[in-house]
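The file input06.cif comes next; it holds mmCIF, C-alpha atoms and all ligand atoms.
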```
data_protein
#
loop_
_atom_site.label_atom_id
_atom_site.label_comp_id
_atom_site.auth_asym_id
_atom_site.auth_seq_id
_atom_site.Cartn_x
_atom_site.Cartn_y
_atom_site.Cartn_z
CA MET A 1 2.33 -7.10 -7.67
CA GLN A 2 -1.27 -6.57 -6.58
CA PRO A 3 -2.04 -4.69 -3.34
CA ASP A 4 -3.44 -6.85 -0.52
CA SER A 5 -5.50 -4.04 0.99
CA PRO A 6 -8.01 -1.71 -0.68
CA LEU A 7 -6.44 1.06 1.38
CA VAL A 8 -3.19 0.95 -0.60
CA ARG A 9 -2.66 4.04 -2.72
CA GLU A 10 0.48 2.93 -4.50
CA VAL A 11 2.53 -0.23 -4.98
CA ARG A 12 6.29 0.10 -4.93
CA PRO A 13 7.81 -3.40 -4.92
CA SER A 14 10.91 -4.14 -2.86
CA PRO A 15 13.31 -6.89 -3.95
CA ASN A 16 14.09 -7.64 -0.30
CA THR A 17 11.69 -10.52 0.27
CA SER A 18 11.71 -14.27 0.74
CA ALA A 19 9.25 -17.05 1.55
CA ARG A 20 7.79 -17.23 5.05
CA ARG A 21 9.48 -20.12 6.85
CA ASN A 22 9.65 -22.07 10.12
CA GLY A 23 6.11 -23.30 9.55
CA HIS A 24 4.57 -19.86 9.22
CA ARG A 25 2.18 -19.72 6.28
CA VAL A 26 0.18 -16.67 7.33
CA PRO A 27 0.99 -13.72 9.60
CA ASP A 28 -0.23 -13.72 13.20
CA MET A 29 1.51 -10.50 14.31
CA VAL A 30 2.00 -6.93 13.11
CA VAL A 31 5.17 -4.99 13.97
CA LEU A 32 5.10 -1.19 13.95
CA HIS A 33 8.21 0.86 13.18
CA TYR A 34 9.17 4.45 12.56
CA THR A 35 11.42 5.07 9.55
CA GLY A 36 13.85 7.24 11.53
CA MET A 37 15.07 9.07 8.43
CA ALA A 38 15.00 12.67 7.22
CA THR A 39 12.40 12.12 4.49
CA ALA A 40 9.85 9.59 3.30
CA GLN A 41 11.70 9.37 -0.01
CA ALA A 42 14.94 8.40 1.72
CA ALA A 43 13.11 5.66 3.62
CA LEU A 44 11.36 4.34 0.50
CA ASP A 45 14.65 4.31 -1.41
CA LEU A 46 16.31 2.33 1.39
CA LEU A 47 13.45 -0.18 1.66
CA CYS A 48 13.59 -0.83 -2.10
CA ASP A 49 17.40 -0.92 -2.40
CA PRO A 50 18.62 -4.51 -2.96
CA ALA A 51 21.85 -3.64 -1.11
CA SER A 52 20.03 -2.57 2.08
CA ASN A 53 18.63 -6.00 3.01
CA VAL A 54 15.66 -4.31 4.68
CA SER A 55 12.01 -4.05 3.66
CA ALA A 56 8.50 -3.72 5.06
CA HIS A 57 5.10 -4.72 3.77
CA TYR A 58 3.67 -1.23 4.16
CA VAL A 59 4.89 2.35 4.48
CA VAL A 60 2.47 4.95 5.86
CA LEU A 61 3.34 8.49 4.78
CA GLU A 62 2.80 11.56 6.94
CA ASP A 63 -0.28 12.54 4.92
CA GLY A 64 -1.81 9.11 5.50
CA ALA A 65 -1.06 7.62 2.06
CA ILE A 66 -0.31 3.91 2.25
CA ILE A 67 2.35 2.33 0.02
CA GLN A 68 2.77 -1.45 -0.21
CA SER A 69 6.24 -2.82 -0.93
CA VAL A 70 6.02 -6.55 -0.11
CA PRO A 71 3.05 -8.91 -0.65
CA GLU A 72 1.61 -10.11 2.65
CA ALA A 73 2.17 -13.71 1.56
CA LEU A 74 5.92 -13.14 1.59
CA ARG A 75 8.44 -12.48 4.35
CA ALA A 76 9.65 -8.88 4.63
CA TRP A 77 12.91 -8.02 6.40
CA HIS A 78 12.07 -5.52 9.12
CA ALA A 79 12.33 -7.15 12.56
CA GLY A 80 15.97 -8.31 12.68
CA VAL A 81 17.06 -10.22 15.77
CA SER A 82 13.84 -10.26 17.77
CA SER A 83 11.73 -12.42 20.04
CA TRP A 84 8.09 -12.67 21.07
CA GLN A 85 6.26 -15.40 22.96
CA GLY A 86 9.49 -17.36 23.16
CA ALA A 87 9.96 -17.47 19.39
CA SER A 88 12.39 -15.72 17.11
CA ASP A 89 12.13 -15.25 13.30
CA ILE A 90 9.45 -12.64 13.79
CA ASN A 91 9.73 -11.74 10.10
CA SER A 92 8.21 -15.09 9.12
CA ARG A 93 5.13 -14.62 11.30
CA SER A 94 4.50 -10.90 10.95
CA ILE A 95 3.47 -8.00 8.76
CA GLY A 96 5.79 -5.01 9.05
CA ILE A 97 4.53 -1.44 8.85
CA GLU A 98 7.00 1.44 8.56
CA ILE A 99 5.51 4.75 9.69
CA VAL A 100 7.28 7.78 8.25
CA ASN A 101 8.65 9.71 11.24
CA GLY A 102 12.11 11.00 12.07
CA GLY A 103 12.08 9.43 15.52
CA HIS A 104 14.74 9.89 18.16
CA ASP A 105 17.41 11.16 15.75
CA PHE A 106 15.10 14.01 14.73
CA GLY A 107 13.74 14.99 18.14
CA LEU A 108 10.71 12.69 18.28
CA PRO A 109 8.38 14.70 16.03
CA PRO A 110 4.65 14.12 16.58
CA PHE A 111 2.72 11.73 14.34
CA PRO A 112 0.04 13.69 12.39
CA ASP A 113 -3.57 12.69 13.15
CA GLY A 114 -4.20 11.74 9.52
CA GLN A 115 -1.21 9.42 9.53
CA ILE A 116 -2.38 7.69 12.71
CA ALA A 117 -5.91 7.37 11.28
CA ALA A 118 -4.39 5.60 8.26
CA VAL A 119 -2.35 3.28 10.51
CA ILE A 120 -5.50 2.42 12.47
CA ALA A 121 -7.51 1.75 9.29
CA LEU A 122 -4.73 -0.43 7.86
CA LEU A 123 -4.43 -2.39 11.11
CA ALA A 124 -8.20 -2.93 11.27
CA ASP A 125 -8.09 -4.26 7.71
CA ILE A 126 -5.09 -6.55 8.35
CA LEU A 127 -6.41 -7.89 11.67
CA ALA A 128 -9.78 -8.70 10.10
CA ARG A 129 -8.39 -10.43 7.00
CA HIS A 130 -5.93 -12.59 8.97
CA ALA A 131 -7.96 -13.03 12.20
CA ILE A 132 -5.12 -11.52 14.23
CA ALA A 133 -5.95 -10.45 17.80
CA PRO A 134 -5.18 -6.85 18.84
CA SER A 135 -2.59 -8.29 21.25
CA GLY A 136 -0.62 -9.33 18.17
CA VAL A 137 0.16 -5.70 17.32
CA VAL A 138 3.54 -4.76 18.82
CA GLY A 139 6.25 -2.16 18.45
CA HIS A 140 9.77 -2.97 17.25
CA SER A 141 11.01 -1.99 20.73
CA ASP A 142 8.72 -4.64 22.27
CA ILE A 143 10.35 -7.49 20.33
CA ALA A 144 13.94 -6.16 20.33
CA PRO A 145 14.13 -4.07 23.55
CA LEU A 146 17.92 -4.17 23.81
CA ARG A 147 18.40 -2.90 20.24
CA LYS A 148 15.42 -0.80 19.16
CA ARG A 149 13.44 2.21 20.38
CA ASP A 150 10.86 2.53 17.60
CA PRO A 151 8.08 3.50 17.08
CA GLY A 152 9.14 5.58 20.10
CA GLU A 153 7.52 7.33 23.00
CA ALA A 154 5.82 9.92 20.76
CA PHE A 155 3.74 7.19 19.11
CA PRO A 156 0.12 7.46 20.32
CA TRP A 157 -0.58 3.86 21.36
CA ALA A 158 -3.65 4.99 23.30
CA LYS A 159 -5.40 5.93 20.05
CA LEU A 160 -4.77 2.42 18.71
CA VAL A 161 -6.04 0.87 21.94
CA ALA A 162 -9.16 3.05 21.83
CA ALA A 163 -9.76 1.94 18.23
CA GLY A 164 -9.45 -1.73 19.22
CA VAL A 165 -6.37 -2.47 17.11
CA ALA A 166 -3.86 -2.83 19.97
CA VAL A 167 -3.92 -3.63 23.67
CA ALA A 168 -2.56 -1.68 26.61
CA GLY A 169 0.21 -3.34 28.59
CA PRO A 170 0.99 -2.87 32.27
CA SER A 171 1.45 0.83 32.94
CA THR A 172 4.91 1.12 34.36
CA SER A 173 8.44 2.30 33.74
CA LEU A 174 11.88 1.42 35.00
CA GLU A 175 11.54 4.04 37.73
CA ALA A 176 8.04 3.01 38.81
CA ALA A 177 8.50 -0.76 38.68
CA PRO A 178 9.31 -2.86 41.73
CA GLN A 179 13.11 -3.17 41.92
CA ASP A 180 13.34 -6.73 43.25
CA GLY A 181 11.55 -9.47 45.11
CA ALA A 182 8.11 -11.01 44.72
CA ASP A 183 6.55 -7.92 43.12
CA LEU A 184 9.19 -7.81 40.40
CA LEU A 185 8.85 -11.57 39.93
CA ALA A 186 5.10 -11.15 39.44
CA LEU A 187 5.63 -8.33 36.95
CA GLN A 188 8.22 -10.37 35.01
CA ASP A 189 5.83 -13.31 34.93
CA ARG A 190 3.01 -11.12 33.62
CA LEU A 191 5.24 -9.63 30.93
CA TRP A 192 6.55 -13.07 29.90
CA ARG A 193 2.96 -14.24 29.48
CA ASP A 194 2.23 -11.09 27.44
CA GLY A 195 4.98 -12.16 25.04
CA TYR A 196 8.05 -10.22 26.12
CA MET A 197 11.43 -11.96 26.18
CA ILE A 198 12.13 -11.40 29.88
CA PRO A 199 13.62 -13.61 32.59
CA VAL A 200 11.33 -14.51 35.49
CA HIS A 201 13.72 -14.54 38.45
CA GLY A 202 12.86 -11.45 40.49
CA ARG A 203 16.09 -9.59 39.69
CA LEU A 204 16.51 -6.35 37.77
CA ASP A 205 18.96 -7.47 35.07
CA ASP A 206 19.75 -5.74 31.76
CA GLN A 207 17.05 -7.57 29.79
CA THR A 208 14.42 -6.68 32.40
CA ARG A 209 15.55 -3.04 32.36
CA ALA A 210 15.29 -3.01 28.57
CA VAL A 211 11.77 -4.45 28.60
CA LEU A 212 10.66 -1.91 31.22
CA ASP A 213 12.18 0.78 29.02
CA ALA A 214 10.18 -0.57 26.08
CA LEU A 215 7.03 -0.47 28.21
CA SER A 216 7.69 3.14 29.15
CA ARG A 217 7.79 3.98 25.42
CA ARG A 218 4.17 2.84 25.19
CA ARG A 219 2.99 5.19 27.91
CA GLU A 220 3.26 8.39 25.84
CA ARG A 221 5.51 10.03 28.41
CA THR A 222 3.11 9.54 31.32
CA PRO A 223 4.33 6.46 33.19
CA VAL A 224 2.21 5.51 36.18
CA PRO A 225 2.92 2.88 38.84
CA TRP A 226 2.13 -0.73 38.09
CA ASN A 227 -0.82 -1.70 40.24
CA GLY A 228 -0.29 -5.46 40.12
CA ALA A 229 -3.05 -6.03 37.55
ZN ZN J 1 12.05 -0.76 13.46
#
```

What is this file in structure tokens?
Amino acid sequence: MQPDSPLVREVRPSPNTSARRNGHRVPDMVVLHYTGMATAQAALDLLCDPASNVSAHYVVLEDGAIIQSVPEALRAWHAGVSSWQGASDINSRSIGIEIVNGGHDFGLPPFPDGQIAAVIALLADILARHAIAPSGVVGHSDIAPLRKRDPGEAFPWAKLVAAGVAVAGPSTSLEAAPQDGADLLALQDRLWRDGYMIPVHGRLDDQTRAVLDALSRRRERTPVPWNGA
């Protein structure tokens, strides 16, 4: 297996791959995850274990080293049951990046600057080679808000936005969002057009709560009211 990016330090092939399907020949999204495990080694072992049925194209270590486990041409198994822009099978249309970080189970440790710099460089490389827009870079919690919380509220999305490899969504949280009526309907409509799987009916149901929760994880703990933009 040859690395797809010159930024890759090491190749460690995972057996957990298959062909991209449902008409997807090339990726048009990137999904960011945290590993949520005690060590990088434990995460790498899991992602390369044929019994685990999980994999990712890239793993970014805490020191910024980038390991590739699945060729970009193939489908990695990282997204699970997910949805974006009204479509499921996100694995077939995406590149998955696992960022080594303990996550919620380990107290939301900070992501080292060098690790985030490596994530930004890798994203810039991937977006350029596949002509993917920055809006195509999402978190696992954005595409599976009822199931997933990663990469978590400690992940510094603002640094990615500043670097031009992600976009900022509406700045809101469950607490700050309109609770019903035309304002909530407008917010749901905006989020649906952004790509979120959310009903547009002006009511605060479980799916809407989950999406607002996912949004709040992208605010780096400083939710501010949605201003209608
Ligand atoms: Zn994940």

Can I get the residues close to ligand ZN 1 (chain J) as a JSON list (two decimals) with C-alpha atoms, keeping the file's coordinate frame, where close means within 6 Å and we count only C-alpha atoms and all ligand atoms?
```json
[["chain", "number", "residue", "atom", "x", "y", "z"],
["A", 33, "HIS", "CA", 8.21, 0.86, 13.18],
["A", 140, "HIS", "CA", 9.77, -2.97, 17.25],
["A", 150, "ASP", "CA", 10.86, 2.53, 17.60]]
```

List as a Markdown table every residue of segment 158-204 of chain A that is in contact with segment 18-31 of chain A, defined as an atom at most 12 Å from one of its atoms (using only C-alpha atoms), together with the nearest atom pair and the distance in Å rounded to one decimal, sorted by chain and then rising number.
```
| residue | atom | partner | partner_atom | distance |
| --- | --- | --- | --- | --- |
| A:Val165 | CA | A:Val30 | CA | 10.3 |
| A:Ala166 | CA | A:Val30 | CA | 9.9 |
| A:Gly195 | CA | A:Met29 | CA | 11.4 |
```

### Query
So how many Å separate atom CA of Arg93 of chain A and atom CA of Pro199 of chain A, to one decimal?
22.9 Å

### Query
Contacts of segment 54-67 of chain A at 8 Å or less, counting all atoms listed in the file, minus same-chain residues fewer than 2 places along, as a ChimeraX atom specification?
/A:7-12,14,16-17,40,44,46-48,52,69-72,76-78,95-101,111-112,114-119

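Atom CA of Asp194 of chain A sits 8.3 Å away from atom CA of Ser135 of chain A.
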
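Between atom CA of Ala73 of chain A and atom CA of Gln2 of chain A there is a distance of 11.4 Å.
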
Would you give me, as a tab-separated table, each residue of segment 163-224 of chain A having an atom within 10 Å of an atom of segment 80-92 of chain A, along with its shortest atom pair and that distance in Å to one decimal, using all atoms listed in the file and sorting by chain and residue number?
```
residue	atom	partner	partner_atom	distance
A:Leu191	CA	A:Gln85	CA	9.9
A:Trp192	CA	A:Gln85	CA	7.3
A:Arg193	CA	A:Gln85	CA	7.4
A:Asp194	CA	A:Gln85	CA	7.4
A:Gly195	CA	A:Gln85	CA	4.1
A:Tyr196	CA	A:Trp84	CA	5.6
A:Met197	CA	A:Trp84	CA	6.1
A:Ile198	CA	A:Gly86	CA	9.4
```

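Counting only C-alpha atoms and comparing A:Ala42, A:Leu32, A:Ala177, A:Ala128, the residue that lies closest to Leu160 of chain A is A:Leu32.
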
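For the set A:Gly102, A:Pro15, A:Pro178, A:Pro110, the residue with the smallest atom-to-atom gap to Leu74 of chain A is A:Pro15, counting all atoms listed in the file.
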
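Counting only C-alpha atoms, Val200 of chain A has the following residues at most 10 Å away, ignoring those fewer than 3 positions along the same chain: A:Leu184, A:Leu185, A:Ala186, A:Leu187, A:Gln188, A:Asp189, A:Arg190, A:Leu191, A:Trp192, A:Met197, A:Arg203, A:Leu204, A:Thr208.
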
### Task
Considering all atoms listed in the file, return as a list in words whatever protein or nucleic-acid residues lie within 9 Å of Leu108 of chain A, sequence-local ones (same chain, fewer than 3 positions apart) excluded.
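After dropping sequence-adjacent residues, the list is Asn101, Gly102, Gly103, His104, Asp105, Phe111, Gly152, Glu153, Ala154 and Phe155 of chain A.
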
Selection above as a file: C-alpha atoms, as a tab-separated table (two decimals), keeping the file's coordinate frame:
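The new file result-v7.tsv reads:
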```tsv
chain	number	residue	atom	x	y	z
A	101	ASN	CA	8.65	9.71	11.24
A	102	GLY	CA	12.11	11.00	12.07
A	103	GLY	CA	12.08	9.43	15.52
A	104	HIS	CA	14.74	9.89	18.16
A	105	ASP	CA	17.41	11.16	15.75
A	111	PHE	CA	2.72	11.73	14.34
A	152	GLY	CA	9.14	5.58	20.10
A	153	GLU	CA	7.52	7.33	23.00
A	154	ALA	CA	5.82	9.92	20.76
A	155	PHE	CA	3.74	7.19	19.11
```

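Shortest separation to Val161 of chain A among A:Leu174, A:Leu215, A:Val137, A:Ala51 occurs at residue A:Val137, atoms counted being all atoms listed in the file.
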
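The smallest atom-to-atom distance between Arg209 of chain A and any of A:Pro13, A:Pro134, A:Pro145, A:Gly181, using only C-alpha atoms, is found for A:Pro145.
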
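Closest approach to Asp180 of chain A from the set A:Arg75, A:Asp4, A:Asp205, A:Ala168 is made by A:Asp205, with distances taken over all atoms listed in the file.
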
Centre and size of axis-aligned box enclosing segment 99-108 of chain A plus 5 Å each side, as lines of an AutoDock Vina configuration file:
```
center_x = 11.5
center_y = 9.9
center_z = 13.3
size_x = 21.9
size_y = 20.2
size_z = 20.0
```
